[in-house]
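Raw entry-v1.tsv, TSV, C-alpha atoms and all ligand atoms:
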```tsv
chain	number	residue	atom	x	y	z
D	1	MET	CA	222.31	138.68	-78.30
D	2	SER	CA	222.26	137.38	-74.76
D	3	LEU	CA	219.39	135.34	-73.45
D	4	TRP	CA	218.31	138.22	-71.21
D	5	GLY	CA	218.52	140.51	-74.23
D	6	ARG	CA	216.17	138.23	-76.16
D	7	CYS	CA	213.87	138.05	-73.19
D	8	ARG	CA	213.68	141.80	-72.89
D	9	ARG	CA	213.00	142.12	-76.56
D	10	TRP	CA	210.15	139.65	-76.38
D	11	LEU	CA	208.73	141.28	-73.27
D	12	ALA	CA	208.85	144.68	-74.92
D	13	GLU	CA	206.84	143.32	-77.81
D	14	VAL	CA	204.05	141.98	-75.67
D	15	SER	CA	203.95	144.99	-73.36
D	16	PRO	CA	202.11	148.24	-74.06
D	17	SER	CA	203.84	151.59	-74.61
D	18	CYS	CA	204.22	154.08	-71.76
D	19	GLN	CA	201.29	156.08	-73.05
D	20	GLN	CA	199.11	152.98	-73.07
D	21	ALA	CA	200.47	151.90	-69.70
D	22	ALA	CA	199.51	155.27	-68.20
D	23	ARG	CA	195.92	154.72	-69.34
D	24	ALA	CA	196.03	151.20	-68.01
D	25	GLN	CA	197.19	152.33	-64.60
D	26	SER	CA	194.32	154.77	-64.43
D	27	ALA	CA	191.88	152.05	-65.51
D	28	ARG	CA	193.24	149.85	-62.77
D	29	LEU	CA	192.38	152.49	-60.17
D	30	ASP	CA	188.82	152.36	-61.46
D	31	GLY	CA	188.72	148.58	-61.39
D	32	SER	CA	188.25	148.31	-65.11
D	33	LEU	CA	191.42	146.64	-66.29
D	34	SER	CA	190.93	143.33	-68.07
D	35	ARG	CA	193.04	140.36	-67.11
D	36	SER	CA	195.03	140.32	-70.36
D	37	ALA	CA	195.63	144.04	-70.12
D	38	SER	CA	196.80	143.62	-66.54
D	39	LEU	CA	199.36	141.11	-67.67
D	40	GLY	CA	200.64	143.49	-70.34
D	41	LEU	CA	200.82	146.27	-67.80
D	42	TRP	CA	202.65	144.09	-65.33
D	43	ILE	CA	205.27	143.25	-67.92
D	44	HIS	CA	205.65	146.89	-68.81
D	45	LEU	CA	206.10	147.91	-65.19
D	46	VAL	CA	208.87	145.36	-64.74
D	47	LEU	CA	210.75	147.03	-67.57
D	48	CYS	CA	209.94	150.69	-67.05
D	49	ARG	CA	210.81	152.74	-64.00
D	50	TRP	CA	209.13	155.84	-65.43
D	51	CYS	CA	205.79	154.12	-65.40
D	52	ARG	CA	206.38	152.63	-61.96
D	53	ARG	CA	206.98	156.15	-60.73
D	54	TYR	CA	203.90	157.46	-62.53
D	55	GLY	CA	201.74	154.76	-60.96
D	56	ARG	CA	203.16	155.41	-57.51
D	57	GLN	CA	202.39	159.10	-57.81
D	58	ILE	CA	198.81	158.82	-59.01
D	59	ARG	CA	198.15	156.28	-56.26
D	60	SER	CA	199.65	158.54	-53.63
D	61	ILE	CA	197.40	161.39	-54.75
D	62	ARG	CA	194.41	159.09	-54.29
D	63	GLU	CA	195.65	157.96	-50.88
D	64	GLN	CA	196.10	161.52	-49.68
D	65	MET	CA	192.57	162.42	-50.76
D	66	LYS	CA	191.21	159.37	-48.99
D	67	LYS	CA	193.16	160.01	-45.82
D	68	HIS	CA	192.27	163.68	-45.59
D	69	PRO	CA	188.91	164.22	-47.28
D	70	GLU	CA	188.33	167.35	-45.21
D	71	LYS	CA	191.51	168.91	-46.61
D	72	ALA	CA	190.65	167.90	-50.13
D	73	HIS	CA	187.21	169.44	-49.65
D	74	ALA	CA	188.56	172.61	-48.04
D	75	GLY	CA	187.22	175.83	-49.47
D	76	VAL	CA	184.05	174.18	-50.71
D	77	PRO	CA	181.11	175.42	-48.61
D	78	ASP	CA	179.44	172.43	-47.02
D	79	ALA	CA	176.52	174.12	-45.31
D	80	LEU	CA	173.68	176.30	-46.51
D	81	ARG	CA	174.02	179.99	-45.77
D	82	SER	CA	171.58	181.13	-43.11
D	83	GLU	CA	169.92	183.54	-45.58
D	84	ALA	CA	169.41	180.63	-47.94
D	85	LYS	CA	167.77	178.66	-45.14
D	86	GLU	CA	165.40	181.50	-44.34
D	87	ARG	CA	164.55	181.92	-47.99
D	88	LEU	CA	163.86	178.20	-48.33
D	89	LYS	CA	161.57	178.22	-45.31
D	90	GLU	CA	159.73	181.21	-46.69
D	91	ILE	CA	159.22	179.41	-49.99
D	92	LEU	CA	158.07	176.24	-48.28
D	93	ARG	CA	155.51	178.18	-46.27
D	94	LYS	CA	154.05	179.60	-49.45
D	95	PRO	CA	154.99	177.28	-52.30
D	96	PRO	CA	154.55	178.77	-55.76
D	97	ALA	CA	151.22	177.95	-57.39
D	98	GLU	CA	151.11	175.11	-59.86
D	99	ASP	CA	150.77	175.91	-63.49
W	1	MET	CA	219.99	147.97	-78.75
W	2	GLU	CA	217.80	146.06	-76.36
W	3	GLU	CA	216.93	149.31	-74.62
W	4	LYS	CA	215.70	150.73	-77.87
W	5	ASP	CA	213.69	147.67	-78.73
W	6	ALA	CA	211.96	147.95	-75.42
W	7	ARG	CA	210.47	151.23	-76.53
W	8	ARG	CA	209.44	150.30	-80.00
W	9	ASP	CA	206.02	151.23	-81.18
W	10	GLY	CA	203.54	148.95	-82.85
W	11	MET	CA	202.20	147.54	-79.62
W	12	ARG	CA	198.68	146.35	-79.34
W	13	PRO	CA	196.17	149.19	-79.56
W	14	LEU	CA	194.95	148.76	-76.02
W	15	SER	CA	192.75	151.80	-75.92
W	16	VAL	CA	190.15	150.41	-78.29
W	17	ASP	CA	189.72	147.21	-76.35
W	18	LYS	CA	186.31	147.44	-74.71
W	19	THR	CA	187.33	145.13	-71.93
W	20	TRP	CA	189.44	147.95	-70.54
W	21	LEU	CA	186.54	150.14	-69.92
W	22	PRO	CA	184.44	150.37	-66.80
W	23	ALA	CA	181.04	148.79	-67.08
W	24	CYS	CA	178.66	151.64	-67.45
W	25	ALA	CA	175.08	151.11	-68.35
W	26	HIS	CA	174.24	154.72	-68.91
W	27	GLN	CA	174.78	156.04	-72.39
W	28	ARG	CA	174.41	159.57	-73.56
W	29	ASP	CA	171.04	159.14	-75.17
W	30	GLY	CA	169.77	156.19	-73.24
W	31	ALA	CA	167.76	156.17	-70.06
W	32	PRO	CA	169.84	157.07	-67.04
W	33	LEU	CA	170.82	154.37	-64.65
W	34	ALA	CA	168.82	153.65	-61.54
W	35	MET	CA	165.97	155.94	-62.33
W	36	LYS	CA	162.62	154.53	-61.52
W	37	SER	CA	160.52	157.32	-62.86
W	38	GLU	CA	160.53	160.05	-65.44
W	39	PRO	CA	163.36	162.46	-64.69
W	40	THR	CA	161.36	165.50	-65.60
W	41	SER	CA	158.42	164.75	-63.39
W	42	PRO	CA	158.73	166.88	-60.25
W	43	ASP	CA	156.87	164.63	-57.87
W	44	VAL	CA	158.92	161.51	-58.33
W	45	ASP	CA	159.24	159.08	-55.51
W	46	PRO	CA	162.45	157.17	-56.23
W	47	ALA	CA	161.64	154.13	-54.15
W	48	PRO	CA	162.63	154.97	-50.59
W	49	PRO	CA	164.11	152.09	-48.64
W	50	ALA	CA	161.28	152.18	-46.13
W	51	ALA	CA	157.66	152.23	-47.19
W	52	PRO	CA	155.93	155.50	-46.35
W	53	ARG	CA	153.69	155.29	-43.35
W	54	GLN	CA	150.75	157.42	-42.56
W	55	GLY	CA	151.67	159.62	-39.67
W	56	LYS	CA	151.55	163.27	-38.97
W	57	LEU	CA	152.66	165.17	-42.02
W	58	SER	CA	156.28	166.28	-41.75
W	59	ASP	CA	156.83	169.93	-41.18
W	60	PRO	CA	158.54	171.25	-44.34
W	61	GLU	CA	160.29	174.03	-42.47
W	62	ARG	CA	161.91	171.47	-40.22
W	63	TRP	CA	163.30	169.79	-43.35
W	64	VAL	CA	165.43	172.85	-43.96
W	65	ASP	CA	167.05	172.65	-40.54
W	66	GLU	CA	167.38	168.90	-40.42
W	67	HIS	CA	168.32	168.02	-43.97
W	68	GLY	CA	169.22	171.30	-45.66
W	69	ASP	CA	172.97	171.17	-45.03
W	70	TYR	CA	173.26	167.54	-45.97
W	71	LEU	CA	171.37	168.00	-49.22
W	72	PHE	CA	173.38	171.10	-50.01
W	73	LYS	CA	176.66	169.28	-49.46
W	74	TYR	CA	175.45	166.40	-51.59
W	75	ALA	CA	174.56	168.80	-54.40
W	76	MET	CA	177.82	170.74	-54.00
W	77	THR	CA	180.01	167.71	-54.59
W	78	ARG	CA	178.13	167.15	-57.81
W	79	VAL	CA	177.68	170.61	-59.28
W	80	ARG	CA	180.54	172.57	-57.62
W	81	ASP	CA	178.57	175.77	-57.66
W	82	PRO	CA	176.91	177.12	-54.49
W	83	ALA	CA	174.15	178.98	-56.32
W	84	ARG	CA	173.21	175.98	-58.42
W	85	ALA	CA	173.40	173.72	-55.39
W	86	GLU	CA	171.00	176.00	-53.49
W	87	ASP	CA	168.60	175.95	-56.42
W	88	LEU	CA	168.69	172.17	-56.53
W	89	VAL	CA	167.94	171.93	-52.81
W	90	GLN	CA	165.03	174.29	-53.26
W	91	GLU	CA	163.63	172.28	-56.16
W	92	THR	CA	164.01	169.14	-54.10
W	93	PHE	CA	162.05	170.51	-51.17
W	94	LEU	CA	159.31	171.80	-53.44
W	95	ALA	CA	159.01	168.45	-55.18
W	96	ALA	CA	158.94	166.73	-51.80
W	97	LEU	CA	156.22	169.08	-50.59
W	98	LYS	CA	154.18	168.28	-53.64
W	99	GLY	CA	154.79	164.58	-53.13
W	100	GLY	CA	153.27	165.02	-49.68
W	101	LYS	CA	154.65	161.90	-48.08
W	102	SER	CA	155.63	161.55	-44.50
W	103	PHE	CA	158.02	159.11	-42.94
W	104	GLU	CA	158.59	157.58	-39.60
W	105	GLY	CA	162.10	158.54	-38.70
W	106	ARG	CA	164.58	160.98	-40.10
W	107	ALA	CA	166.65	158.39	-41.94
W	108	ALA	CA	163.82	157.34	-44.25
W	109	GLU	CA	162.89	160.94	-44.82
W	110	LYS	CA	166.47	161.83	-45.63
W	111	SER	CA	166.95	159.07	-48.17
W	112	TRP	CA	163.65	159.99	-49.78
W	113	LEU	CA	164.84	163.57	-50.16
W	114	ILE	CA	168.24	162.44	-51.46
W	115	GLY	CA	166.49	160.28	-54.03
W	116	ILE	CA	164.62	163.31	-55.34
W	117	LEU	CA	167.76	165.44	-55.33
W	118	LYS	CA	169.66	162.79	-57.24
W	119	ASN	CA	167.16	162.99	-60.07
W	120	LYS	CA	167.33	166.79	-60.02
W	121	VAL	CA	171.10	166.63	-60.40
W	122	VAL	CA	170.82	164.24	-63.33
W	123	ASP	CA	168.32	166.60	-64.96
W	124	ALA	CA	170.57	169.58	-64.40
W	125	TYR	CA	173.50	167.82	-66.04
W	126	ARG	CA	171.43	166.70	-68.95
W	127	LYS	CA	170.39	170.25	-69.63
W	128	THR	CA	173.73	172.00	-69.29
W	129	SER	CA	176.90	170.01	-69.42
W	130	ARG	CA	176.45	167.75	-72.38
W	131	GLU	CA	178.43	169.70	-74.89
W	132	SER	CA	181.15	171.22	-72.77
W	133	SER	CA	183.05	168.11	-71.84
W	134	PHE	CA	184.04	167.23	-75.35
W	135	THR	CA	186.24	170.23	-76.05
W	136	ASP	CA	187.77	169.80	-72.62
W	137	LEU	CA	188.73	166.29	-73.56
W	138	GLU	CA	190.31	167.45	-76.77
W	139	PHE	CA	192.29	170.01	-74.86
W	140	TYR	CA	193.64	167.37	-72.53
W	141	GLN	CA	194.44	165.08	-75.35
W	142	ASP	CA	196.92	167.64	-76.61
W	143	GLU	CA	198.31	168.01	-73.15
W	144	GLU	CA	198.76	164.28	-72.82
W	145	ARG	CA	200.43	164.07	-76.18
W	146	ASP	CA	203.19	166.44	-75.12
W	147	ARG	CA	204.40	164.10	-72.44
W	148	PHE	CA	205.20	161.20	-74.73
W	149	VAL	CA	207.57	160.78	-77.62
W	150	GLN	CA	205.49	161.06	-80.78
W	151	GLU	CA	207.77	159.71	-83.48
W	152	GLY	CA	210.20	156.95	-84.24
W	153	LEU	CA	211.59	154.12	-82.24
W	154	PHE	CA	210.60	155.56	-78.86
W	155	LYS	CA	207.06	156.38	-79.83
W	156	GLY	CA	204.70	156.27	-76.87
W	157	SER	CA	207.49	156.41	-74.28
W	158	TRP	CA	207.74	159.14	-71.69
W	159	ASP	CA	209.72	162.12	-72.83
W	160	HIS	CA	212.44	162.03	-70.21
W	161	ASP	CA	212.49	165.79	-69.69
W	162	LEU	CA	208.73	166.00	-69.27
W	163	GLY	CA	207.89	162.64	-67.76
W	164	PRO	CA	207.32	162.03	-64.06
W	165	GLN	CA	210.21	163.17	-61.86
W	166	GLU	CA	211.01	161.49	-58.61
W	167	TRP	CA	209.11	163.03	-55.70
W	168	SER	CA	211.71	162.62	-53.03
W	169	ALA	CA	209.26	163.81	-50.38
W	170	GLU	CA	207.07	160.81	-51.18
W	171	ALA	CA	208.93	158.45	-48.89
W	172	GLY	CA	208.93	160.89	-45.99
W	173	GLY	CA	205.16	161.24	-46.10
W	174	THR	CA	205.31	165.02	-46.37
W	175	LEU	CA	202.64	164.86	-49.04
W	176	ASP	CA	200.27	165.89	-46.29
W	177	SER	CA	201.68	169.36	-45.84
W	178	GLN	CA	200.07	172.74	-46.15
W	179	GLU	CA	202.02	173.35	-49.37
W	180	PHE	CA	200.79	170.12	-50.87
W	181	TRP	CA	197.15	170.94	-50.20
W	182	LYS	CA	197.54	174.47	-51.49
W	183	ALA	CA	198.99	173.10	-54.71
W	184	PHE	CA	196.25	170.48	-54.79
W	185	HIS	CA	193.52	173.13	-54.67
W	186	ASP	CA	195.26	175.38	-57.17
W	187	CYS	CA	195.67	172.46	-59.54
W	188	SER	CA	192.24	170.90	-59.23
W	189	SER	CA	190.58	174.28	-59.74
W	190	LYS	CA	192.40	174.53	-63.07
W	191	LEU	CA	190.80	171.36	-64.38
W	192	PRO	CA	187.78	171.87	-66.63
W	193	LYS	CA	184.64	171.65	-64.53
W	194	ALA	CA	183.24	168.45	-65.99
W	195	ILE	CA	186.58	166.70	-65.60
W	196	SER	CA	187.17	167.81	-62.02
W	197	THR	CA	183.62	166.86	-61.06
W	198	ALA	CA	184.09	163.36	-62.45
W	199	PHE	CA	187.44	163.06	-60.71
W	200	LEU	CA	186.22	164.29	-57.33
W	201	LEU	CA	183.13	162.09	-57.43
W	202	ARG	CA	185.38	159.15	-58.04
W	203	GLU	CA	188.16	159.89	-55.57
W	204	LEU	CA	186.45	161.81	-52.80
W	205	ASP	CA	182.98	160.36	-52.84
W	206	GLU	CA	184.33	156.99	-53.93
W	207	MET	CA	181.44	156.63	-56.31
W	208	GLU	CA	181.52	153.70	-58.69
W	209	THR	CA	181.93	154.50	-62.36
W	210	PRO	CA	178.43	153.47	-63.54
W	211	GLU	CA	176.90	155.85	-61.04
W	212	ILE	CA	179.13	158.72	-62.15
W	213	CYS	CA	178.08	158.09	-65.75
W	214	GLY	CA	174.49	158.36	-64.55
W	215	VAL	CA	175.05	161.58	-62.65
W	216	LEU	CA	176.98	163.31	-65.41
W	217	GLY	CA	175.05	161.81	-68.29
W	218	ILE	CA	178.16	160.70	-70.11
W	219	SER	CA	179.26	157.49	-71.74
W	220	GLU	CA	181.68	154.97	-70.29
W	221	ASN	CA	184.38	155.88	-72.80
W	222	ASN	CA	184.10	159.49	-71.96
W	223	LEU	CA	184.30	158.98	-68.22
W	224	TRP	CA	187.23	156.65	-68.46
W	225	VAL	CA	189.17	159.14	-70.54
W	226	MET	CA	188.18	162.01	-68.25
W	227	LEU	CA	189.49	160.24	-65.16
W	228	HIS	CA	192.74	159.36	-66.87
W	229	ARG	CA	193.26	162.91	-68.08
W	230	ALA	CA	192.40	164.33	-64.67
W	231	ARG	CA	195.02	162.15	-62.99
W	232	MET	CA	197.55	162.97	-65.65
W	233	ALA	CA	197.00	166.72	-65.46
W	234	LEU	CA	196.78	166.83	-61.67
W	235	ARG	CA	199.96	164.83	-61.23
W	236	ARG	CA	201.78	167.06	-63.65
W	237	CYS	CA	200.51	170.25	-62.06
W	238	LEU	CA	201.38	169.04	-58.56
W	239	GLU	CA	204.85	168.21	-59.70
W	240	ALA	CA	205.32	171.70	-61.10
W	241	ASN	CA	203.64	173.60	-58.26
W	242	TRP	CA	204.46	171.66	-55.19
W	243	PHE	CA	207.32	169.27	-55.72
W	244	THR	CA	209.65	171.62	-57.54
W	245	LYS	CA	209.07	174.30	-54.91
W	246	THR	CA	209.80	172.07	-51.95
W	247	ARG	CA	212.80	170.44	-53.50
D	301	ZN	ZN	206.71	153.02	-69.37
```

Kindly return the structure encoded in the file as structure tokens.
Ligand SMILES: [Zn+2]
Amino acid sequence: MSLWGRCRRWLAEVSPSCQQAARAQSARLDGSLSRSASLGLWIHLVLCRWCRRYGRQIRSIREQMKKHPEKAHAGVPDALRSEAKERLKEILRKPPAED
Amino acid sequence: MEEKDARRDGMRPLSVDKTWLPACAHQRDGAPLAMKSEPTSPDVDPAPPAAPRQGKLSDPERWVDEHGDYLFKYAMTRVRDPARAEDLVQETFLAALKGGKSFEGRAAEKSWLIGILKNKVVDAYRKTSRESSFTDLEFYQDEERDRFVQEGLFKGSWDHDLGPQEWSAEAGGTLDSQEFWKAFHDCSSKLPKAISTAFLLRELDEMETPEICGVLGISENNLWVMLHRARMALRRCLEANWFTKTR
């Protein structure tokens, strides 16, 4: 076995699986990846283009949401209906009695 | 041979390592984070940044015009249900009225009202959404499992037919297209409610994980798994609904 072959073999042993790496990449987005886990993830990403692609895609989803919050929020009403406002005012004028 | 070795199973069980998880003080049955008073008490005053001053008593009807939309929007991002959000705003105003404080300046008044609303949201979650998230998580666990090889030498590796495909549009920046956002809304509305709420609080409101745990009344483990599953499912759904159509 070539030296590079041995290296790869060793790296594979200390790196997590793709399934674990996917969790780790998510944890990294939430700032909760430990230093030793980061190292394992880094090694895995060097070896695995599938996981590099996965990471790139979940990061780009985040970036899009950050860049265009109004589009990500679209369809969600962000103001009270005017009837609701009137109803609220009515209630505040005559708040229900305490029990 | 080396290729195969690279995918061998028997790696460290990373998922049980607590150091991976976000710090989250709030546990399911413990006291919620950052709550200074009893959550059930309606007239709580969750420590406004400015001390209340004696002035003319605020006009409650003016609250509706000045703060109503903001409070509603705040509640909407957390409960994703217009009727529930309206109820929460109403409860907040009533509690504020009962509290009978007045503030110099709109900013202090607003943060006082938000403080009350925050507690109302926590209460609402404690009452309703405790049980639902667990089955959702189980559902997504199955979904996650499909994507990875389950047996043998390649255990835990992406299944190459089901794993992430290259999004060629990525480089061109066409992610921000009408089609992308349509797929985004279709896909995020398919997520179970608790999971999409956690995800949107994190990504859109950029809330830190301990605070989300507090709002949703869930444990750190649960939140961490929910966020992971949300990203996984959303990515997959976007790939199917948007990328394959624009290819
Ligand atoms: Zn991988």

Worksheet item: Counting only C-alpha atoms and all ligand atoms, what residues are within 12 Å of ligand ZN 301 (chain D), given as an MDAnalysis selection string?
Response: (chainID D and resid 12 15:25 40:55) or (chainID W and resid 6:9 147:149 154:160 163:164)

Worksheet, complete the sentence: Across D:Ile91, D:Leu33, D:Leu39, D:Cys7, the smallest distance to chain W, with all atoms listed in the file counted, is shown by D:Leu33

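Minimum atom-to-atom distance to chain D, evaluated using all atoms listed in the file, belongs to W:Glu203 out of W:Asp161, W:Glu66, W:Glu239, W:Glu203.
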
Practice prompt. Tell me which of W:Glu104, W:Asp69, W:Glu109, W:Asp59 sits closest to chain D, counting only C-alpha atoms.
Written response: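 Of W:Glu104, W:Asp69, W:Glu109, W:Asp59, the one nearest chain D, counting only C-alpha atoms, is W:Asp69.
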
Practice prompt. Please indicate the distance in Å from CA of Gly100 (chain W) to CA of Lys89 (chain D), rounded to one decimal place.
Written response: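 Here the two named atoms are 16.2 Å from each other.
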
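Minimum distance to Ala84 (chain D) across W:Glu61, W:Asp81, W:Glu151, W:Glu86 (counting all atoms listed in the file) occurs at W:Glu86.
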
Discussion item. When you look at Ile212 (chain W) with a cut-off of 10 Å (counting all atoms listed in the file), what residues show up, excluding the ones that are within fewer than 5 positions of it in the same chain? I need them as a PyMOL selection string.
Written reply: chain W and resi 24+26+33+78+197-199+201-202+206-207+217-220+223
